[in-house]
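Structure first, commentary second.
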Amino acid sequence: MAKIIVVTSGKGGVGKTTTSAAIAAGLAAGGEKTVVIDFDVGLRNLDLIMGCERRVVYDLVNVINGEANLNQALIKDKRLENLFILPASQTRDKDALTHEGVEQVLNELKESFEYIICDSPAGIEKGAQLALYFADEAIIVTNPEVSSVRDSDRIIGILHSKSRRAEQQLDPVKEQLLLTRYDPLRVEKGEMLSVEDVEEILSIPLLGVIPESLAVLKASNQGIPVSFDEQSDAGKAYLDAVQRFKGNDVPHRFLEAQKPGLLKRMFGG
Amino acid sequence: MSLFEIFRKKEKQSANIAKERLQIIVAHERAARNSPDYLPALQKDILAVVKKYIDIDMDQIHVNLENNNDSSILELNVTLPGS
């Protein structure tokens with residue numbers, strides 16, 4: 001049975017698109033047929049992060065309006081057999097996405113994919129609400145910072161009241177926390193909220209912690225999902241999160257600050 | 001650890017302040033989220049009635065709904081201006 005997963009946060013700039021790309025790539029690399037959909041109509045960016053911006057011909061809105069069929073709009077990733085991207089439209093019409101249209105597209109995708117990742121736009125407007133409405137599971141991307149945590153709590157509230165599962169009184173959407181841009185050194189110094197702090201405030205289970213990492217910008221510069229960079233800390237952390245997402249018990253890494261070596265301690269860093 | 005850092009430790013760590021502020025605002029917003037939609041409108045109407053007789057401000061009326069197991073308590077708190 002296909003699973004619909006929304007990657008959401010409320011606040012912008014916390015890493016939803018980076019996470020959508022990295023998780024989708026990780027799932028596809030594990031052999032699961034995966035599609036990742038950009039719901040950010042008007043501000044399309046998943047295509048850039050995935051490195052397929054020059055191959056966009058049709059988009060989600062074209063499919064909804066019947067101007068193209070799904071196979072024409074789906075972009076097959078050049079690196080992974082099982083990975084597909086459905087780009088957002090760059091239209092400025094904010095009513096371009098319709099409830100029925102999105103439902104129809106998702107139903108069609110369910111027939112051939114195992115995982116459908118919905119990359120939500122920031123905010124709590126229509127695009128964000130549609131991205132989460134049909135979800136079975138939600139990955140709540142949060143930075144250890146006050147405005148991000150508050151907005152995440154807001155989005156969790158919307159999942160509780162306005163998702164399809166809530167409205168139809170089905171089993172609730174399974175929510176998991178992904179804490180990104182984590183800096184253990186600053187946490188140690190008491191300058192940043194800790195994983196435990198954020199878990200306690202949001203009270204949802206932890207999927208993973210992604211350390212603040214140079215690899216994320218490097219990957220987005222090149223249009224490569226960061227989980228392809230298996231040598232990097234962020235890449236490893238995302239691949240761990242994918243394993244946990246699939247139900248495997250993987251210990252958390254990168255929660256402690258690297259102890260500076262002898263040389264660094266002597267000469268300063 | 002330098003001497004300077006020992007002194008600095010006495011200052012409250014900013015992460016702790018962040019946590020406390022978040023716990024308060026999140027609890028407040030969750031309570032508002034779970035309250036029925038009519039509460040703000042009810043509060044406005046009550047204010048209008050009271051205002052007919054006494055000059056008070058919006059923030060001097062608090063309407064609170066508490067749900068217990070088998071009953072709900074609608075609590076109305078009006079702060080009257082000091083005479």
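We label chains A, B, ... in the order they appear in the structure tokens, count residues from 1 in each chain, and number ligands from 1 in the order shown.
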Original post:
Would you list which chain A residues are within 9 Å of chain B using only C-alpha atoms, as a ChimeraX atom specification?
Top reply: /A:145-147,149-150,153-154,157,187,189-194,197-198,200-202
Original post:
Could you pull the residues within 7 Å of region 112-117 of chain A, counting only C-alpha atoms, minus those fewer than 5 positions along the same chain, as a list of chain:residue names?
Top reply: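 What passes the distance filter is A:Met1, A:Ala2, A:Lys3, A:Ile4, A:Ile5, A:Val6, A:Ser20, A:Ala24, A:Glu32, A:Lys33, A:Thr34, A:Val35, A:Val36, A:Ile37.
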Go ahead and save the residues from that selection, with all heavy atoms, as an mmCIF file, in the first residue's frame.
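Written out: again_35.cif:
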data_model
loop_
_atom_site.group_PDB
_atom_site.id
_atom_site.type_symbol
_atom_site.label_atom_id
_atom_site.label_comp_id
_atom_site.auth_asym_id
_atom_site.auth_seq_id
_atom_site.Cartn_x
_atom_site.Cartn_y
_atom_site.Cartn_z
ATOM 1 N N MET A 1 0.836 -1.214 0.000
ATOM 2 C CA MET A 1 0.000 0.000 0.000
ATOM 3 C C MET A 1 0.867 1.259 0.000
ATOM 4 O O MET A 1 1.769 1.405 0.813
ATOM 5 C CB MET A 1 -0.903 -0.039 1.252
ATOM 6 C CG MET A 1 -1.918 1.088 1.346
ATOM 7 S SD MET A 1 -3.123 1.059 0.007
ATOM 8 C CE MET A 1 -3.836 2.694 0.154
ATOM 9 N N ALA A 2 0.609 2.142 -0.942
ATOM 10 C CA ALA A 2 1.413 3.373 -1.040
ATOM 11 C C ALA A 2 1.233 4.240 0.194
ATOM 12 O O ALA A 2 0.147 4.290 0.768
ATOM 13 C CB ALA A 2 1.002 4.146 -2.282
ATOM 14 N N LYS A 3 2.302 4.894 0.576
ATOM 15 C CA LYS A 3 2.253 5.776 1.737
ATOM 16 C C LYS A 3 2.453 7.216 1.297
ATOM 17 O O LYS A 3 3.367 7.503 0.530
ATOM 18 C CB LYS A 3 3.389 5.407 2.687
ATOM 19 C CG LYS A 3 2.903 4.895 4.014
ATOM 20 C CD LYS A 3 4.065 4.675 4.946
ATOM 21 C CE LYS A 3 3.722 3.550 5.914
ATOM 22 N NZ LYS A 3 4.879 3.037 6.590
ATOM 23 N N ILE A 4 1.594 8.101 1.780
ATOM 24 C CA ILE A 4 1.757 9.525 1.475
ATOM 25 C C ILE A 4 2.388 10.204 2.687
ATOM 26 O O ILE A 4 1.875 10.111 3.807
ATOM 27 C CB ILE A 4 0.400 10.177 1.134
ATOM 28 C CG1 ILE A 4 -0.229 9.450 -0.068
ATOM 29 C CG2 ILE A 4 0.567 11.666 0.839
ATOM 30 C CD1 ILE A 4 -1.599 9.969 -0.453
ATOM 31 N N ILE A 5 3.514 10.864 2.438
ATOM 32 C CA ILE A 5 4.260 11.502 3.527
ATOM 33 C C ILE A 5 4.381 12.994 3.236
ATOM 34 O O ILE A 5 4.829 13.379 2.161
ATOM 35 C CB ILE A 5 5.679 10.906 3.621
ATOM 36 C CG1 ILE A 5 5.606 9.399 3.848
ATOM 37 C CG2 ILE A 5 6.494 11.587 4.710
ATOM 38 C CD1 ILE A 5 6.544 8.622 2.989
ATOM 39 N N VAL A 6 3.985 13.819 4.190
ATOM 40 C CA VAL A 6 4.179 15.262 4.002
ATOM 41 C C VAL A 6 5.401 15.716 4.793
ATOM 42 O O VAL A 6 5.619 15.283 5.922
ATOM 43 C CB VAL A 6 2.920 16.071 4.390
ATOM 44 C CG1 VAL A 6 2.587 15.947 5.875
ATOM 45 C CG2 VAL A 6 3.100 17.548 4.036
ATOM 46 N N SER A 20 12.985 16.806 1.909
ATOM 47 C CA SER A 20 12.183 16.037 0.950
ATOM 48 C C SER A 20 13.094 15.342 -0.052
ATOM 49 O O SER A 20 12.927 14.147 -0.335
ATOM 50 C CB SER A 20 11.236 16.962 0.185
ATOM 51 O OG SER A 20 10.358 17.605 1.062
ATOM 52 N N ALA A 24 13.595 11.318 0.009
ATOM 53 C CA ALA A 24 13.127 10.634 -1.200
ATOM 54 C C ALA A 24 14.269 9.857 -1.852
ATOM 55 O O ALA A 24 14.107 8.688 -2.231
ATOM 56 C CB ALA A 24 12.539 11.648 -2.191
ATOM 57 N N GLU A 32 12.881 1.326 -3.064
ATOM 58 C CA GLU A 32 11.441 1.612 -3.052
ATOM 59 C C GLU A 32 11.125 2.651 -4.131
ATOM 60 O O GLU A 32 11.805 3.655 -4.252
ATOM 61 C CB GLU A 32 11.005 2.192 -1.699
ATOM 62 C CG GLU A 32 11.774 1.682 -0.519
ATOM 63 C CD GLU A 32 11.109 0.521 0.169
ATOM 64 O OE1 GLU A 32 10.078 0.033 -0.337
ATOM 65 O OE2 GLU A 32 11.620 0.104 1.207
ATOM 66 N N LYS A 33 10.082 2.397 -4.885
ATOM 67 C CA LYS A 33 9.715 3.361 -5.924
ATOM 68 C C LYS A 33 9.108 4.603 -5.261
ATOM 69 O O LYS A 33 8.116 4.512 -4.546
ATOM 70 C CB LYS A 33 8.733 2.724 -6.913
ATOM 71 C CG LYS A 33 8.783 3.421 -8.247
ATOM 72 C CD LYS A 33 7.988 2.692 -9.317
ATOM 73 C CE LYS A 33 7.895 3.581 -10.549
ATOM 74 N NZ LYS A 33 6.799 3.236 -11.427
ATOM 75 N N THR A 34 9.754 5.733 -5.487
ATOM 76 C CA THR A 34 9.432 6.950 -4.733
ATOM 77 C C THR A 34 9.228 8.138 -5.666
ATOM 78 O O THR A 34 9.985 8.328 -6.608
ATOM 79 C CB THR A 34 10.590 7.271 -3.763
ATOM 80 O OG1 THR A 34 10.830 6.139 -2.930
ATOM 81 C CG2 THR A 34 10.269 8.485 -2.900
ATOM 82 N N VAL A 35 8.197 8.922 -5.373
ATOM 83 C CA VAL A 35 8.004 10.183 -6.103
ATOM 84 C C VAL A 35 7.972 11.314 -5.088
ATOM 85 O O VAL A 35 7.447 11.167 -3.988
ATOM 86 C CB VAL A 35 6.712 10.159 -6.961
ATOM 87 C CG1 VAL A 35 5.469 9.908 -6.132
ATOM 88 C CG2 VAL A 35 6.546 11.468 -7.746
ATOM 89 N N VAL A 36 8.581 12.431 -5.446
ATOM 90 C CA VAL A 36 8.550 13.591 -4.568
ATOM 91 C C VAL A 36 7.874 14.737 -5.313
ATOM 92 O O VAL A 36 8.204 15.045 -6.445
ATOM 93 C CB VAL A 36 9.966 13.915 -4.009
ATOM 94 C CG1 VAL A 36 11.001 14.041 -5.101
ATOM 95 C CG2 VAL A 36 9.946 15.168 -3.148
ATOM 96 N N ILE A 37 6.846 15.311 -4.667
ATOM 97 C CA ILE A 37 6.016 16.337 -5.305
ATOM 98 C C ILE A 37 6.275 17.697 -4.666
ATOM 99 O O ILE A 37 6.234 17.820 -3.444
ATOM 100 C CB ILE A 37 4.505 16.026 -5.129
ATOM 101 C CG1 ILE A 37 4.198 14.587 -5.526
ATOM 102 C CG2 ILE A 37 3.651 17.009 -5.925
ATOM 103 C CD1 ILE A 37 2.746 14.199 -5.257
#
Subject >> Long-range neighbours of Asn71 (chain A) as a PyMOL selection string, 12 Å cut-off, only C-alpha atoms, 6 positions minimum in chain >> reply: chain A and resi 35+57-60+62-63+84-86+105+108-109+112
**OP:** Please provide as an NGL selection string all residues within 9 Å of Gly12 (chain A), with the sequence filter that same-chain residues fewer than 2 positions apart are discarded (counting only C-alpha atoms).
**Re:** :A and (9-10 or 14-16 or 121-123 or 148)
Original post:
Separation of CA of Ile210 (chain A) and CA of Glu125 (chain A), in Å?
Top reply: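 Atom-to-atom, CA of Ile210 (chain A) and CA of Glu125 (chain A) are spaced 27.0 Å apart.
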Residue neighbourhood Lys78 (chain A), 12 Å, only C-alpha atoms, exclusion window fewer than 3 positions, as a JSON list (two decimals) with N, CA and C atoms, in the first residue's frame:
[["chain", "number", "residue", "atom", "x", "y", "z"],
["A", 25, "ALA", "N", 15.44, 10.50, -1.95],
["A", 25, "ALA", "CA", 16.60, 9.83, -2.56],
["A", 25, "ALA", "C", 17.01, 8.61, -1.73],
["A", 50, "MET", "N", 17.01, 19.01, -6.64],
["A", 50, "MET", "CA", 17.18, 17.67, -7.21],
["A", 50, "MET", "C", 18.04, 17.69, -8.48],
["A", 51, "GLY", "N", 18.34, 18.88, -8.97],
["A", 51, "GLY", "CA", 19.19, 18.99, -10.17],
["A", 51, "GLY", "C", 18.51, 18.66, -11.47],
["A", 52, "CYS", "N", 17.19, 18.88, -11.55],
["A", 52, "CYS", "CA", 16.49, 18.56, -12.80],
["A", 52, "CYS", "C", 15.75, 19.77, -13.35],
["A", 55, "ARG", "N", 14.93, 20.13, -17.01],
["A", 55, "ARG", "CA", 14.13, 19.07, -17.64],
["A", 55, "ARG", "C", 12.64, 19.22, -17.36],
["A", 75, "ILE", "N", 9.33, 13.58, -13.80],
["A", 75, "ILE", "CA", 10.71, 13.60, -14.26],
["A", 75, "ILE", "C", 11.44, 12.46, -13.57],
["A", 81, "GLU", "N", 17.10, 4.75, -10.42],
["A", 81, "GLU", "CA", 16.05, 4.10, -11.20],
["A", 81, "GLU", "C", 14.65, 4.38, -10.63],
["A", 82, "ASN", "N", 14.56, 4.40, -9.29],
["A", 82, "ASN", "CA", 13.24, 4.40, -8.64],
["A", 82, "ASN", "C", 12.75, 5.77, -8.21],
["A", 83, "LEU", "N", 13.45, 6.82, -8.62],
["A", 83, "LEU", "CA", 13.15, 8.15, -8.09],
["A", 83, "LEU", "C", 12.54, 9.06, -9.16],
["A", 84, "PHE", "N", 11.41, 9.66, -8.81],
["A", 84, "PHE", "CA", 10.72, 10.56, -9.74],
["A", 84, "PHE", "C", 10.39, 11.88, -9.05],
["A", 85, "ILE", "N", 10.32, 12.94, -9.85],
["A", 85, "ILE", "CA", 10.00, 14.27, -9.32],
["A", 85, "ILE", "C", 8.79, 14.81, -10.07],
["A", 223, "GLY", "N", 22.89, 20.59, -7.06],
["A", 223, "GLY", "CA", 21.65, 19.91, -7.42],
["A", 223, "GLY", "C", 21.68, 18.43, -7.11],
["A", 224, "ILE", "N", 22.32, 18.08, -6.02],
["A", 224, "ILE", "CA", 22.41, 16.67, -5.60],
["A", 224, "ILE", "C", 21.77, 16.53, -4.22]]
**OP:** Output as an MDAnalysis selection string all residues of region 60-227 of chain A that backbone DSSP marks as helix (DSSP H, G or I).
**Re:** chainID A and resid 60:64 70:73 99:110 126:133 146:162 164:167 184:188 195:202 214:222 226:227
Original post:
Between CA of Lys218 (chain A) and CA of Phe254 (chain A), what is the distance, to one decimal in Å?
Top reply: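 CA of Lys218 (chain A) sits 19.0 Å away from CA of Phe254 (chain A).
Near region 68-83 of chain B, within a cut-off of 10 Å and counting only C-alpha atoms, sit the residues Leu39, Gln43, Ile46, Leu47, Val50, Ile54, Asp55, Ile56, Asp57, Met58, Asp59, Gln60, Ile61, His62, Val63, Asn64, Leu65 and Glu66 of chain B, with same-chain residues fewer than 2 positions away left out.
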Subject >> Point-to-point distance in Å for CA of Glu196 (chain A) and CA of Pro184 (chain A) >> reply: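 Separating CA of Pro184 (chain A) from CA of Glu196 (chain A) is a distance of 12.1 Å.
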**OP:** Give the strand (DSSP E or B) residues of region 25-208 of chain A, as assigned by DSSP on the backbone, as a PyMOL selection string.
**Re:** chain A and resi 34-38+75-76+83-86+115-119+137-142+174-182+206-208
